[in-house]
Amino acid sequence: MRPRVLEEALAEPSAQPGRECVLCPPLRFRINAMAGLPGDPSVLARDRDFLLMPDVAPLADGHVLLVTREHHQCAGDFDARLWGRALRWRDRVSRLYRYAYGTGELLLFEHGPALSQGGGACIDHAHWHFLPGTPGVRDVVEECGLPGTPAEFAALRARFRTGRSYLLVEERGTATVHPGDGVRGQFLRWAVTAALGSAEPWRWQETFGLPGSRRCFLRTLRTLRRAAAALDGPPPCEHR
């Protein structure tokens, strides 16, 4: 029999969607303000498509989000150009991690909602989570009976277009897409804490604004700002 926490992680329904997107203006930094954290000044880098910024409820030092500036449901909603841009940002984050934390290994994960609140998403706005290192998340997901297949752009696009939510996991340089329909909200945040062997809360609503969470956010901001300043060349950008 599966442990109770696993049953809850797979079965608990997602929260109801809000009427306005908290990752779009004018609400984009409302949660930061509620937690007493910097909003737009905390953006580490940006271009015309994406913002890179610390997660307001970090699971570990170095936890950042790559957020689309315009509203997209998930990465499966990207076109080929935007997908390519997102991958360049992933490579940029890997370089930041190598300088800041001594490893270019990263974990990328996304709750990919094809329908509102699907795939464990709490917010129906495309955003990728990054953490340094953190292997073992894919194993946790697959142990839950959610097998992965190679996560090429076409595979995510097909899932989105046919109304199937997904879970995206990349670790050790390999990306896989997993079934996301029916998982509870923030399932992959739970999977990260399980892979880390942590007993800390994993729901962002339970931790944002707490002293430890705030300190971790600010450490990440300081550390990655120094790394960005030290790296040669500007952050990825496009000329209009």
# chains A, B, ... in the order shown; residues from 1 in each chain; ligands from 1
call {"tool": "residues_around", "arguments": {"residues": "Asp124 (chain A)", "least_positions_apart": "3", "cutoff": "8 Å", "atoms": "only C-alpha atoms", "output": "VMD selection string"}}
result
chain A and resid 17 21 72 to 74 113 116 to 117 121
call {"tool": "select_by_dssp", "arguments": {"residues": "region 2-239 of chain A", "states": "alpha helix (DSSP H)", "output": "VMD selection string"}}
result
chain A and resid 4 to 11 30 to 34 80 to 101 137 to 143 153 to 161 187 to 196 204 to 207 211 to 230
call {"tool": "residues_around", "arguments": {"residues": "Gly36 (chain A)", "least_positions_apart": "3", "cutoff": "9 Å", "atoms": "only C-alpha atoms", "output": "list in words"}}
result
Ile31, Asn32, Ala33, Gly209 and Arg214 of chain A
call {"tool": "select_by_dssp", "arguments": {"residues": "region 18-239 of chain A", "states": "strand (DSSP E)", "output": "PyMOL selection string"}}
result
chain A and resi 45-46+50-54+64-68+106-112+127-132+149-150+166-171+174-179
call {"tool": "closest_atom_pairs", "arguments": {"of": "region 105-170 of chain A", "to": "region 39-53 of chain A", "cutoff": "10 Å", "atoms": "only C-alpha atoms", "output": "Markdown table"}}
result
| residue | atom | partner | partner_atom | distance |
| --- | --- | --- | --- | --- |
| A:His127 | CA | A:Phe50 | CA | 9.2 |
| A:Trp128 | CA | A:Leu52 | CA | 9.5 |
| A:His129 | CA | A:Leu52 | CA | 9.9 |
| A:Phe130 | CA | A:Leu52 | CA | 10.0 |
call {"tool": "closest_residue", "arguments": {"among": "A:Glu110, A:Glu70, A:Ser198, A:Ala228", "to": "Cys122 (chain A)", "atoms": "only C-alpha atoms"}}
result
A:Glu110
call {"tool": "atom_distance", "arguments": {"atom1": "CA of Ile123 (chain A)", "atom2": "CA of Pro58 (chain A)"}}
result
16.2 Å
call {"tool": "residues_around", "arguments": {"residues": "Pro132 (chain A)", "least_positions_apart": "3", "cutoff": "7 Å", "atoms": "only C-alpha atoms", "output": "PyMOL selection string"}}
result
chain A and resi 62+97+105-107
call {"tool": "closest_residue", "arguments": {"among": "A:Thr174, A:Ser165, A:Thr193, A:Ser94", "to": "Gly133 (chain A)", "atoms": "only C-alpha atoms"}}
result
A:Ser94
call {"tool": "closest_residue", "arguments": {"among": "A:Phe208, A:Ala155, A:Gly102, A:Leu59", "to": "Ala195 (chain A)", "atoms": "only C-alpha atoms"}}
result
A:Leu59
call {"tool": "residues_around", "arguments": {"residues": "Arg226 (chain A)", "least_positions_apart": "5", "cutoff": "12 Å", "atoms": "only C-alpha atoms", "output": "ChimeraX atom specification"}}
result
/A:44,96-97,99-101,219-221,231
call {"tool": "write_last_selection", "arguments": {"atoms": "N, CA and C atoms", "output": "JSON list (two decimals), in the first residue's frame"}}
result
[["chain", "number", "residue", "atom", "x", "y", "z"],
["A", 44, "LEU", "N", 16.40, 38.80, -12.00],
["A", 44, "LEU", "CA", 17.84, 38.61, -12.20],
["A", 44, "LEU", "C", 18.27, 38.95, -13.63],
["A", 96, "LEU", "N", 25.00, 30.04, -14.50],
["A", 96, "LEU", "CA", 24.90, 30.73, -13.21],
["A", 96, "LEU", "C", 25.14, 29.78, -12.05],
["A", 97, "TYR", "N", 24.54, 28.61, -12.13],
["A", 97, "TYR", "CA", 24.70, 27.62, -11.06],
["A", 97, "TYR", "C", 26.16, 27.16, -10.96],
["A", 99, "TYR", "N", 28.85, 28.81, -11.62],
["A", 99, "TYR", "CA", 29.63, 29.84, -10.96],
["A", 99, "TYR", "C", 29.25, 29.97, -9.49],
["A", 100, "ALA", "N", 27.96, 29.95, -9.20],
["A", 100, "ALA", "CA", 27.48, 30.25, -7.84],
["A", 100, "ALA", "C", 27.61, 29.08, -6.89],
["A", 101, "TYR", "N", 27.36, 27.86, -7.40],
["A", 101, "TYR", "CA", 27.26, 26.70, -6.51],
["A", 101, "TYR", "C", 28.25, 25.59, -6.85],
["A", 219, "ARG", "N", 19.07, 35.20, -0.09],
["A", 219, "ARG", "CA", 20.38, 34.59, -0.36],
["A", 219, "ARG", "C", 20.51, 34.25, -1.83],
["A", 220, "THR", "N", 19.46, 33.65, -2.38],
["A", 220, "THR", "CA", 19.48, 33.29, -3.80],
["A", 220, "THR", "C", 19.67, 34.53, -4.67],
["A", 221, "LEU", "N", 18.95, 35.58, -4.33],
["A", 221, "LEU", "CA", 19.05, 36.82, -5.09],
["A", 221, "LEU", "C", 20.47, 37.37, -5.05],
["A", 231, "LEU", "N", 29.88, 36.64, -14.78],
["A", 231, "LEU", "CA", 29.94, 35.89, -16.02],
["A", 231, "LEU", "C", 30.19, 36.82, -17.21]]
call {"tool": "residues_around", "arguments": {"residues": "Leu196 (chain A)", "least_positions_apart": "3", "cutoff": "9 Å", "atoms": "only C-alpha atoms", "output": "short mmCIF file (atom, residue, chain, number, x, y, z; two decimals) with N, CA and C atoms, in the first residue's frame"}}
result
data_model
loop_
_atom_site.label_atom_id
_atom_site.label_comp_id
_atom_site.auth_asym_id
_atom_site.auth_seq_id
_atom_site.Cartn_x
_atom_site.Cartn_y
_atom_site.Cartn_z
N THR A 134 19.98 18.47 -7.35
CA THR A 134 18.68 17.86 -7.02
C THR A 134 18.31 16.70 -7.94
N PRO A 135 19.16 15.67 -8.04
CA PRO A 135 18.76 14.49 -8.81
C PRO A 135 17.78 13.62 -8.01
N GLY A 136 17.10 12.73 -8.71
CA GLY A 136 16.21 11.77 -8.07
C GLY A 136 14.75 12.10 -8.18
N VAL A 137 14.40 13.26 -8.72
CA VAL A 137 12.99 13.63 -8.83
C VAL A 137 12.28 12.74 -9.84
N ALA A 191 7.43 16.16 -5.04
CA ALA A 191 8.43 15.20 -5.50
C ALA A 191 9.85 15.67 -5.20
N VAL A 192 10.08 16.97 -5.30
CA VAL A 192 11.42 17.50 -4.98
C VAL A 192 11.74 17.27 -3.51
N THR A 193 10.81 17.59 -2.62
CA THR A 193 11.08 17.38 -1.20
C THR A 193 11.27 15.90 -0.88
N ALA A 199 11.50 16.81 5.28
CA ALA A 199 10.18 16.80 5.90
C ALA A 199 9.59 18.20 5.96
#
call {"tool": "closest_residue", "arguments": {"among": "A:Val183, A:Arg95, A:Arg172, A:Arg203", "to": "Ala230 (chain A)", "atoms": "only C-alpha atoms"}}
result
A:Arg95
call {"tool": "closest_residue", "arguments": {"among": "A:Pro179, A:Gly112, A:Pro201, A:Gly163", "to": "Cys144 (chain A)", "atoms": "only C-alpha atoms"}}
result
A:Pro179
call {"tool": "residues_around", "arguments": {"residues": "Val141 (chain A)", "least_positions_apart": "2", "cutoff": "12 Å", "atoms": "only C-alpha atoms", "output": "PyMOL selection string"}}
result
chain A and resi 6+9-10+109+135-139+143-148+166-170+176-180+183+187-195
call {"tool": "atom_distance", "arguments": {"atom1": "CA of Ala114 (chain A)", "atom2": "CA of Val64 (chain A)"}}
result
22.9 Å
call {"tool": "decode", "arguments": {"residues": "region 71-119 of chain A", "atoms": "N, CA and C atoms", "output": "PDB file, in the first residue's frame"}}
result
ATOM      1  N   HIS A  71       1.256  36.173 -21.651  1.00  0.00           N
ATOM      2  CA  HIS A  71       0.545  35.034 -21.073  1.00  0.00           C
ATOM      3  C   HIS A  71       0.541  33.845 -22.025  1.00  0.00           C
ATOM      4  N   HIS A  72       1.067  32.718 -21.538  1.00  0.00           N
ATOM      5  CA  HIS A  72       0.977  31.412 -22.191  1.00  0.00           C
ATOM      6  C   HIS A  72       0.551  30.419 -21.121  1.00  0.00           C
ATOM      7  N   GLN A  73      -0.242  29.446 -21.517  1.00  0.00           N
ATOM      8  CA  GLN A  73      -0.747  28.477 -20.545  1.00  0.00           C
ATOM      9  C   GLN A  73       0.380  27.629 -19.964  1.00  0.00           C
ATOM     10  N   CYS A  74       1.286  27.175 -20.811  1.00  0.00           N
ATOM     11  CA  CYS A  74       2.395  26.308 -20.392  1.00  0.00           C
ATOM     12  C   CYS A  74       3.370  26.256 -21.552  1.00  0.00           C
ATOM     13  N   ALA A  75       4.482  25.532 -21.388  1.00  0.00           N
ATOM     14  CA  ALA A  75       5.466  25.444 -22.466  1.00  0.00           C
ATOM     15  C   ALA A  75       4.913  24.707 -23.678  1.00  0.00           C
ATOM     16  N   GLY A  76       3.925  23.850 -23.480  1.00  0.00           N
ATOM     17  CA  GLY A  76       3.281  23.195 -24.619  1.00  0.00           C
ATOM     18  C   GLY A  76       2.539  24.167 -25.505  1.00  0.00           C
ATOM     19  N   ASP A  77       2.306  25.378 -25.006  1.00  0.00           N
ATOM     20  CA  ASP A  77       1.640  26.440 -25.754  1.00  0.00           C
ATOM     21  C   ASP A  77       2.625  27.314 -26.520  1.00  0.00           C
ATOM     22  N   PHE A  78       3.947  27.042 -26.379  1.00  0.00           N
ATOM     23  CA  PHE A  78       4.956  27.840 -27.076  1.00  0.00           C
ATOM     24  C   PHE A  78       4.965  27.518 -28.572  1.00  0.00           C
ATOM     25  N   ASP A  79       5.486  28.460 -29.351  1.00  0.00           N
ATOM     26  CA  ASP A  79       5.864  28.119 -30.715  1.00  0.00           C
ATOM     27  C   ASP A  79       7.340  27.708 -30.710  1.00  0.00           C
ATOM     28  N   ALA A  80       7.849  27.320 -31.881  1.00  0.00           N
ATOM     29  CA  ALA A  80       9.220  26.800 -31.934  1.00  0.00           C
ATOM     30  C   ALA A  80      10.238  27.863 -31.523  1.00  0.00           C
ATOM     31  N   ARG A  81       9.995  29.118 -31.902  1.00  0.00           N
ATOM     32  CA  ARG A  81      10.939  30.176 -31.537  1.00  0.00           C
ATOM     33  C   ARG A  81      11.012  30.342 -30.030  1.00  0.00           C
ATOM     34  N   LEU A  82       9.847  30.403 -29.368  1.00  0.00           N
ATOM     35  CA  LEU A  82       9.832  30.611 -27.924  1.00  0.00           C
ATOM     36  C   LEU A  82      10.423  29.414 -27.193  1.00  0.00           C
ATOM     37  N   TRP A  83      10.183  28.204 -27.688  1.00  0.00           N
ATOM     38  CA  TRP A  83      10.792  27.011 -27.099  1.00  0.00           C
ATOM     39  C   TRP A  83      12.320  27.102 -27.170  1.00  0.00           C
ATOM     40  N   GLY A  84      12.836  27.514 -28.309  1.00  0.00           N
ATOM     41  CA  GLY A  84      14.281  27.663 -28.441  1.00  0.00           C
ATOM     42  C   GLY A  84      14.839  28.704 -27.491  1.00  0.00           C
ATOM     43  N   ARG A  85      14.106  29.800 -27.302  1.00  0.00           N
ATOM     44  CA  ARG A  85      14.530  30.816 -26.360  1.00  0.00           C
ATOM     45  C   ARG A  85      14.563  30.273 -24.931  1.00  0.00           C
ATOM     46  N   ALA A  86      13.542  29.494 -24.582  1.00  0.00           N
ATOM     47  CA  ALA A  86      13.493  28.920 -23.232  1.00  0.00           C
ATOM     48  C   ALA A  86      14.698  28.010 -22.985  1.00  0.00           C
ATOM     49  N   LEU A  87      15.092  27.236 -23.986  1.00  0.00           N
ATOM     50  CA  LEU A  87      16.248  26.352 -23.824  1.00  0.00           C
ATOM     51  C   LEU A  87      17.537  27.150 -23.652  1.00  0.00           C
ATOM     52  N   ARG A  88      17.639  28.279 -24.321  1.00  0.00           N
ATOM     53  CA  ARG A  88      18.822  29.122 -24.120  1.00  0.00           C
ATOM     54  C   ARG A  88      18.857  29.688 -22.698  1.00  0.00           C
ATOM     55  N   TRP A  89      17.714  30.015 -22.175  1.00  0.00           N
ATOM     56  CA  TRP A  89      17.665  30.462 -20.784  1.00  0.00           C
ATOM     57  C   TRP A  89      18.053  29.335 -19.821  1.00  0.00           C
ATOM     58  N   ARG A  90      17.605  28.119 -20.121  1.00  0.00           N
ATOM     59  CA  ARG A  90      18.031  26.982 -19.286  1.00  0.00           C
ATOM     60  C   ARG A  90      19.549  26.884 -19.257  1.00  0.00           C
ATOM     61  N   ASP A  91      20.190  27.040 -20.404  1.00  0.00           N
ATOM     62  CA  ASP A  91      21.649  26.970 -20.449  1.00  0.00           C
ATOM     63  C   ASP A  91      22.279  28.116 -19.659  1.00  0.00           C
ATOM     64  N   ARG A  92      21.660  29.290 -19.707  1.00  0.00           N
ATOM     65  CA  ARG A  92      22.149  30.429 -18.920  1.00  0.00           C
ATOM     66  C   ARG A  92      22.081  30.114 -17.425  1.00  0.00           C
ATOM     67  N   VAL A  93      20.967  29.518 -16.987  1.00  0.00           N
ATOM     68  CA  VAL A  93      20.831  29.173 -15.573  1.00  0.00           C
ATOM     69  C   VAL A  93      21.897  28.158 -15.168  1.00  0.00           C
ATOM     70  N   SER A  94      22.189  27.202 -16.041  1.00  0.00           N
ATOM     71  CA  SER A  94      23.235  26.226 -15.747  1.00  0.00           C
ATOM     72  C   SER A  94      24.584  26.920 -15.525  1.00  0.00           C
ATOM     73  N   ARG A  95      24.882  27.928 -16.325  1.00  0.00           N
ATOM     74  CA  ARG A  95      26.139  28.658 -16.146  1.00  0.00           C
ATOM     75  C   ARG A  95      26.131  29.438 -14.835  1.00  0.00           C
ATOM     76  N   LEU A  96      25.003  30.038 -14.499  1.00  0.00           N
ATOM     77  CA  LEU A  96      24.902  30.734 -13.214  1.00  0.00           C
ATOM     78  C   LEU A  96      25.144  29.777 -12.046  1.00  0.00           C
ATOM     79  N   TYR A  97      24.535  28.605 -12.126  1.00  0.00           N
ATOM     80  CA  TYR A  97      24.704  27.617 -11.059  1.00  0.00           C
ATOM     81  C   TYR A  97      26.155  27.156 -10.962  1.00  0.00           C
ATOM     82  N   ARG A  98      26.798  26.967 -12.094  1.00  0.00           N
ATOM     83  CA  ARG A  98      28.192  26.512 -12.058  1.00  0.00           C
ATOM     84  C   ARG A  98      29.064  27.531 -11.332  1.00  0.00           C
ATOM     85  N   TYR A  99      28.848  28.808 -11.624  1.00  0.00           N
ATOM     86  CA  TYR A  99      29.635  29.840 -10.956  1.00  0.00           C
ATOM     87  C   TYR A  99      29.250  29.970  -9.486  1.00  0.00           C
ATOM     88  N   ALA A 100      27.956  29.950  -9.197  1.00  0.00           N
ATOM     89  CA  ALA A 100      27.480  30.250  -7.843  1.00  0.00           C
ATOM     90  C   ALA A 100      27.609  29.077  -6.892  1.00  0.00           C
ATOM     91  N   TYR A 101      27.357  27.863  -7.396  1.00  0.00           N
ATOM     92  CA  TYR A 101      27.256  26.702  -6.507  1.00  0.00           C
ATOM     93  C   TYR A 101      28.247  25.587  -6.855  1.00  0.00           C
ATOM     94  N   GLY A 102      29.067  25.813  -7.874  1.00  0.00           N
ATOM     95  CA  GLY A 102      30.098  24.841  -8.200  1.00  0.00           C
ATOM     96  C   GLY A 102      29.617  23.661  -9.007  1.00  0.00           C
ATOM     97  N   THR A 103      28.392  23.709  -9.522  1.00  0.00           N
ATOM     98  CA  THR A 103      27.887  22.637 -10.368  1.00  0.00           C
ATOM     99  C   THR A 103      26.964  23.224 -11.419  1.00  0.00           C
ATOM    100  N   GLY A 104      27.124  22.750 -12.651  1.00  0.00           N
ATOM    101  CA  GLY A 104      26.219  23.148 -13.715  1.00  0.00           C
ATOM    102  C   GLY A 104      25.003  22.258 -13.806  1.00  0.00           C
ATOM    103  N   GLU A 105      24.971  21.209 -12.956  1.00  0.00           N
ATOM    104  CA  GLU A 105      23.804  20.330 -12.946  1.00  0.00           C
ATOM    105  C   GLU A 105      22.590  21.104 -12.434  1.00  0.00           C
ATOM    106  N   LEU A 106      21.470  20.894 -13.083  1.00  0.00           N
ATOM    107  CA  LEU A 106      20.262  21.562 -12.616  1.00  0.00           C
ATOM    108  C   LEU A 106      19.068  20.637 -12.751  1.00  0.00           C
ATOM    109  N   LEU A 107      18.065  20.952 -11.965  1.00  0.00           N
ATOM    110  CA  LEU A 107      16.749  20.344 -12.095  1.00  0.00           C
ATOM    111  C   LEU A 107      15.836  21.380 -12.723  1.00  0.00           C
ATOM    112  N   LEU A 108      15.130  20.971 -13.764  1.00  0.00           N
ATOM    113  CA  LEU A 108      14.077  21.781 -14.363  1.00  0.00           C
ATOM    114  C   LEU A 108      12.780  21.023 -14.168  1.00  0.00           C
ATOM    115  N   PHE A 109      11.738  21.717 -13.689  1.00  0.00           N
ATOM    116  CA  PHE A 109      10.439  21.046 -13.672  1.00  0.00           C
ATOM    117  C   PHE A 109       9.330  22.033 -13.968  1.00  0.00           C
ATOM    118  N   GLU A 110       8.262  21.489 -14.567  1.00  0.00           N
ATOM    119  CA  GLU A 110       7.093  22.297 -14.917  1.00  0.00           C
ATOM    120  C   GLU A 110       5.836  21.476 -14.725  1.00  0.00           C
ATOM    121  N   HIS A 111       4.832  22.086 -14.090  1.00  0.00           N
ATOM    122  CA  HIS A 111       3.475  21.557 -14.113  1.00  0.00           C
ATOM    123  C   HIS A 111       2.823  22.112 -15.381  1.00  0.00           C
ATOM    124  N   GLY A 112       2.507  21.257 -16.342  1.00  0.00           N
ATOM    125  CA  GLY A 112       2.018  21.714 -17.636  1.00  0.00           C
ATOM    126  C   GLY A 112       0.524  21.545 -17.795  1.00  0.00           C
ATOM    127  N   PRO A 113      -0.259  22.586 -17.532  1.00  0.00           N
ATOM    128  CA  PRO A 113      -1.720  22.455 -17.627  1.00  0.00           C
ATOM    129  C   PRO A 113      -2.226  22.613 -19.060  1.00  0.00           C
ATOM    130  N   ALA A 114      -2.787  21.557 -19.613  1.00  0.00           N
ATOM    131  CA  ALA A 114      -3.472  21.696 -20.898  1.00  0.00           C
ATOM    132  C   ALA A 114      -4.822  22.361 -20.694  1.00  0.00           C
ATOM    133  N   LEU A 115      -5.452  22.055 -19.570  1.00  0.00           N
ATOM    134  CA  LEU A 115      -6.689  22.700 -19.145  1.00  0.00           C
ATOM    135  C   LEU A 115      -6.404  23.419 -17.834  1.00  0.00           C
ATOM    136  N   SER A 116      -7.233  24.358 -17.469  1.00  0.00           N
ATOM    137  CA  SER A 116      -6.979  25.153 -16.281  1.00  0.00           C
ATOM    138  C   SER A 116      -6.752  24.277 -15.058  1.00  0.00           C
ATOM    139  N   GLN A 117      -5.643  24.558 -14.353  1.00  0.00           N
ATOM    140  CA  GLN A 117      -5.265  23.864 -13.124  1.00  0.00           C
ATOM    141  C   GLN A 117      -4.873  22.409 -13.351  1.00  0.00           C
ATOM    142  N   GLY A 118      -4.648  22.016 -14.583  1.00  0.00           N
ATOM    143  CA  GLY A 118      -4.218  20.647 -14.865  1.00  0.00           C
ATOM    144  C   GLY A 118      -2.746  20.446 -14.562  1.00  0.00           C
ATOM    145  N   GLY A 119      -2.327  19.197 -14.494  1.00  0.00           N
ATOM    146  CA  GLY A 119      -0.924  18.878 -14.305  1.00  0.00           C
ATOM    147  C   GLY A 119      -0.342  19.352 -12.988  1.00  0.00           C
TER     148      GLY A 119
END
